[in-house]
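Written below as structure tokens is the structure these notes are about.
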Amino acid sequence: MAPNPYFFIVIFVGVALVFPLLPLALAWLWRKAFQPPKPGAQKNATYECGVESIGDAQIQFRSQYYLYAIIFLIFDVEAIFLVPFAVAFTGLPVGAFIAILVFLLLLIEGLVWAWSKGCLNWAK
Amino acid sequence: MSEIDEGLRSELQRQGIWVTSMEELYNWGRKNSIWPLQFGLACCAIEMIATAASRYDIARFGGEIFRPSPRQADLMIVAGTVTKKMAPQIVRLYNQMPDPKYVISMGACAISGGPFKTGYNVLKGIDRYIPVDVYIPGCPPRPEALLHAFMELQRKIDSQKLTGSEKATHLDSRQPSEFPVPAFGAHDLEPPANPDVFQPPKIERT
């Protein structure tokens with residue numbers, strides 16, 4: 001007579017329970033019988049590099065950073081366009097060259113505008 | 001292990017029966033898998049690196065896994081000159097290591113300050129703040145010396161008792177696991193030494 005096909009699942013579940021629980025139980029027994037736990041302020045500290053942590057990890061960044069983030073993003077995208085432009089520079093038709101020049105001028109104009117507006121000055 | 005007659009043990013081993021005790025098994029497992037804390041302070045660290053590398057290969061003794069976190073380390077190899085600026089960090093790292101933990105004081109500087117003993121910024125031995133298990137003299141000690149110290153430490157671990165009045169310190173609830181971290185004072189670390197750990201030899205003139 002064949003066993004119930006779900007019987008093997010039961011065996012798997014049993015092994016899956018015993019396998020992690022047995023070492024944990026042994027460790028618990030070992031602690032009770034031999035090795036007393038010795039917690040401490042430094043032992044339980046979160047930071048583990050030998051230096052005392054200062055302040056709180058939950059800090060806020062100043063909102064003024066967003067201008068730098070936006071300007072960085074624009075020039076980051078520009079760099080992506082500049083690399084294929086530089087690679088294909090010698091084989092470019094005049095129209096493509098002027099197109100990329102316009103693109104560059106637009107970005108430079110944006111930078112000049114941001115600069116003259118005082119966006120690059122650190123806001124106190 | 002003293003309960004079992006050594007002759008009987010070897011006779012049984014010849015028959016394929018191994019007799020052991022929990023203490024022996026525990027120490028055997030610990031001594032062959034000592035994970036050192038990965039940090040070096042000065043030129044001794046270069047020798048320590050050489051010991052861990054292929055030519056000297058500390059992996060033969062089970063100590064190749066240098067851990068960058070004190071939470072996973074069993075052994076602190078104080079390899080080099082301990083400056084007074086660094087001493088609090090060393091003690092804090094030692095405190096953050098889980099029990100059982102051991103310290104090898106490698107080289108003249110870690111033992112006593114060595115050639116820089118008269119320096120205003122040099123700690124005169126790491127044993128002023130934390131208990132040291134094995135000292136290695138030398139400036140710097142050769143990799144063989146570090147391997148010898150490692151074997152000495154293994155011998156010490158092997159002889160540690162699991163129960164009784166002379167059991168290992170990490171099994172004794174009265175023994176501390178953390179030691180006070182010295183603070184930067186006006187001229188020196190405060191306190192200059194931990195009196196529970198370090199007692200300078202008294203010189204008596206007659």
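Note on naming: chains are A, B, ... as they come in the structure tokens, residues start from 1 per chain, ligands start from 1 in the order shown.
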query: Which residues, written as a VMD selection string, have at least one atom at most 8 Å from Tyr56 in chain B, with only C-alpha atoms counted and residues fewer than 6 positions away on the same chain left out?
result: chain B and resid 50 143 to 144
message: Using only C-alpha atoms and a cut-off of 6 Å, which residues of chain B sit close to chain A? Please list them as a count of residues only.
response: 7
message: If we count only C-alpha atoms and set the cut-off at 9 Å, which residues sit around range 81-83 of chain B, ignoring sequence neighbours fewer than 2 positions away in its own chain? Please answer as a PyMOL selection string.
response: chain B and resi 41-44+78-79+85-87+90+107-111+113-114+116+121-126
How would the residues just chosen look if you wrote them out with C-alpha atoms as a PDB file, in the first residue's frame?
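New file result-v5.pdb:
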```
ATOM      1  CA  LEU B  41      48.684  49.261  14.072  1.00  0.00           C
ATOM      2  CA  ALA B  42      52.262  49.502  12.833  1.00  0.00           C
ATOM      3  CA  CYS B  43      55.096  47.515  11.278  1.00  0.00           C
ATOM      4  CA  CYS B  44      54.162  44.330  13.188  1.00  0.00           C
ATOM      5  CA  VAL B  78      47.619  43.889  18.906  1.00  0.00           C
ATOM      6  CA  ALA B  79      50.214  44.237  16.180  1.00  0.00           C
ATOM      7  CA  LYS B  85      45.120  58.329  20.738  1.00  0.00           C
ATOM      8  CA  MET B  86      44.397  54.751  19.632  1.00  0.00           C
ATOM      9  CA  ALA B  87      44.233  53.031  23.030  1.00  0.00           C
ATOM     10  CA  ILE B  90      41.479  49.262  21.061  1.00  0.00           C
ATOM     11  CA  GLY B 107      55.993  42.958  19.416  1.00  0.00           C
ATOM     12  CA  ALA B 108      57.917  45.122  21.830  1.00  0.00           C
ATOM     13  CA  CYS B 109      55.644  48.130  21.299  1.00  0.00           C
ATOM     14  CA  ALA B 110      52.422  46.361  22.244  1.00  0.00           C
ATOM     15  CA  ILE B 111      54.161  44.829  25.261  1.00  0.00           C
ATOM     16  CA  GLY B 113      56.037  50.716  24.175  1.00  0.00           C
ATOM     17  CA  GLY B 114      59.238  49.213  22.800  1.00  0.00           C
ATOM     18  CA  PHE B 116      59.101  54.380  21.454  1.00  0.00           C
ATOM     19  CA  ASN B 121      52.190  59.756  22.839  1.00  0.00           C
ATOM     20  CA  VAL B 122      52.954  56.049  23.195  1.00  0.00           C
ATOM     21  CA  LEU B 123      51.074  53.717  25.493  1.00  0.00           C
ATOM     22  CA  LYS B 124      53.486  51.683  27.580  1.00  0.00           C
ATOM     23  CA  GLY B 125      51.872  48.348  26.887  1.00  0.00           C
ATOM     24  CA  ILE B 126      48.319  47.362  25.984  1.00  0.00           C
TER      25      ILE B 126
END
```
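Atom pair CA of Met22 in chain B / CA of Gly62 in chain B: separated by 20.5 Å.
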- request: Can you check which residues of range 12-163 of chain B DSSP gives as alpha helix (DSSP H) on the backbone and send them as an MDAnalysis selection string?
  value: chainID B and resid 12:14 22:31 44:52 87:96 107:112 143:158
- prompt: CA of Ile77 in chain B to CA of Lys101 in chain B: how many Å, to one decimal?
  reply: 10.9 Å
- prompt: Where does DSSP see strand (DSSP E) in range 9-202 of chain B, if you list the residues as an MDAnalysis selection string?
  reply: chainID B and resid 75:79 102:106 134:136 183:184 189:190
